[in-house]
Amino acid sequence: MSVCVEDFTHGVNVSGTSFTVNQTTPSGLFTVLSGTPTSGTGPSKVTFSIPLESLITFREDLVIFVHAENNFPGDFPAIKEQTFILRPGYGIVWPNKTEDQAGGTDQIFPYLTSIQVLTDVKNFAKNFGEVSSFFDFRIEEQSTANLGATLISNIEVADLSATLTSLNPFFVYGKTITLEIEADDLEGNQLRFTHIFTIEPKPT
């Protein structure tokens, strides 16, 4: 971040011009003097520069104060002061969220485990405010059931199609699934079919 103080007529009084962040002179402050005024001494432009990465905490405002004086001859130089407030924005905290940024491996919870979620959001951008939200839920055991289908036709010969939808949407990578199909026609003739397939491994 950079702030410029300029007076192209009388010049800037360097010793009387200051730059603070939260009422202190920040470390790493870089000052550049440039230009020549038309009828005065000192530089016509003073530029203050400071990297903000080390100052932003996302938990407090940055109050930047600039006090500037020029080199007007006599006992009454022109003095100007300006305050800038930088609001970092929003801070979101998940108190019970894992610290592993990579996500880690999938965690399998036992039956009826209570999962609690707490979120704390603070608004530092414009209107100060803080909101917390909490909810919990219990995981349920995956239900399983035998899949069946009854096909009835009023014609003697036909290609009958059927769609079997699993009641259990949870498929495990690398798991072998055995699908057994049994069908009876109106004459009592039975047809049994077994199909085995393996789900692809989990992508890496």
# chains A, B, ... in the order shown; residues from 1 in each chain; ligands from 1

call {"tool": "residues_around", "arguments": {"residues": "Asn70 in chain A", "least_positions_apart": "3", "cutoff": "12 Å", "atoms": "only C-alpha atoms", "output": "PyMOL selection string"}}
result
chain A and resi 5-17+37+39-46+67+73-81

call {"tool": "write_last_selection", "arguments": {"atoms": "C-alpha atoms", "output": "PDB file, in the first residue's frame"}}
result
ATOM      1  CA  VAL A   5       1.842  13.653  -0.099  1.00  0.00           C
ATOM      2  CA  GLU A   6       2.321  16.356  -2.749  1.00  0.00           C
ATOM      3  CA  ASP A   7       2.889  20.104  -2.883  1.00  0.00           C
ATOM      4  CA  PHE A   8       4.272  21.209  -6.231  1.00  0.00           C
ATOM      5  CA  THR A   9       4.465  24.885  -5.209  1.00  0.00           C
ATOM      6  CA  HIS A  10       6.136  25.080  -1.782  1.00  0.00           C
ATOM      7  CA  GLY A  11       7.339  21.490  -1.360  1.00  0.00           C
ATOM      8  CA  VAL A  12       6.692  18.944   1.375  1.00  0.00           C
ATOM      9  CA  ASN A  13       8.190  19.316   4.838  1.00  0.00           C
ATOM     10  CA  VAL A  14       9.642  15.803   5.283  1.00  0.00           C
ATOM     11  CA  SER A  15      10.389  16.117   9.006  1.00  0.00           C
ATOM     12  CA  GLY A  16       6.892  17.422   9.715  1.00  0.00           C
ATOM     13  CA  THR A  17       5.095  14.727   7.691  1.00  0.00           C
ATOM     14  CA  PRO A  37       8.677  22.547  -6.159  1.00  0.00           C
ATOM     15  CA  SER A  39       9.037  28.144  -5.382  1.00  0.00           C
ATOM     16  CA  GLY A  40      10.107  26.313  -2.278  1.00  0.00           C
ATOM     17  CA  THR A  41      12.498  23.846  -0.697  1.00  0.00           C
ATOM     18  CA  GLY A  42      12.435  20.130  -0.175  1.00  0.00           C
ATOM     19  CA  PRO A  43      10.795  17.555  -2.430  1.00  0.00           C
ATOM     20  CA  SER A  44       7.457  18.201  -4.083  1.00  0.00           C
ATOM     21  CA  LYS A  45       6.329  14.622  -3.489  1.00  0.00           C
ATOM     22  CA  VAL A  46       6.760  12.163  -0.603  1.00  0.00           C
ATOM     23  CA  HIS A  67      -0.085  14.109   8.898  1.00  0.00           C
ATOM     24  CA  PRO A  73       7.565  30.389   4.221  1.00  0.00           C
ATOM     25  CA  GLY A  74       6.775  31.886   7.608  1.00  0.00           C
ATOM     26  CA  ASP A  75       5.281  30.556  10.818  1.00  0.00           C
ATOM     27  CA  PHE A  76       2.073  29.124   9.371  1.00  0.00           C
ATOM     28  CA  PRO A  77       2.678  26.234   6.985  1.00  0.00           C
ATOM     29  CA  ALA A  78      -0.282  24.426   5.482  1.00  0.00           C
ATOM     30  CA  ILE A  79      -1.187  21.344   7.515  1.00  0.00           C
ATOM     31  CA  LYS A  80      -3.445  18.553   6.338  1.00  0.00           C
ATOM     32  CA  GLU A  81      -4.428  15.328   8.059  1.00  0.00           C
TER      33      GLU A  81
END

call {"tool": "residues_around", "arguments": {"residues": "Glu180 in chain A", "least_positions_apart": "4", "cutoff": "9 Å", "atoms": "only C-alpha atoms", "output": "ChimeraX atom specification"}}
result
/A:147,192-196

call {"tool": "residues_around", "arguments": {"residues": "range 49-52 of chain A", "least_positions_apart": "4", "cutoff": "9 Å", "atoms": "only C-alpha atoms", "output": "number ranges by chain"}}
result
A: 1-4, 26-32, 56

call {"tool": "atom_distance", "arguments": {"atom1": "CA of Gln190 in chain A", "atom2": "CA of Ile177 in chain A"}}
result
22.9 Å
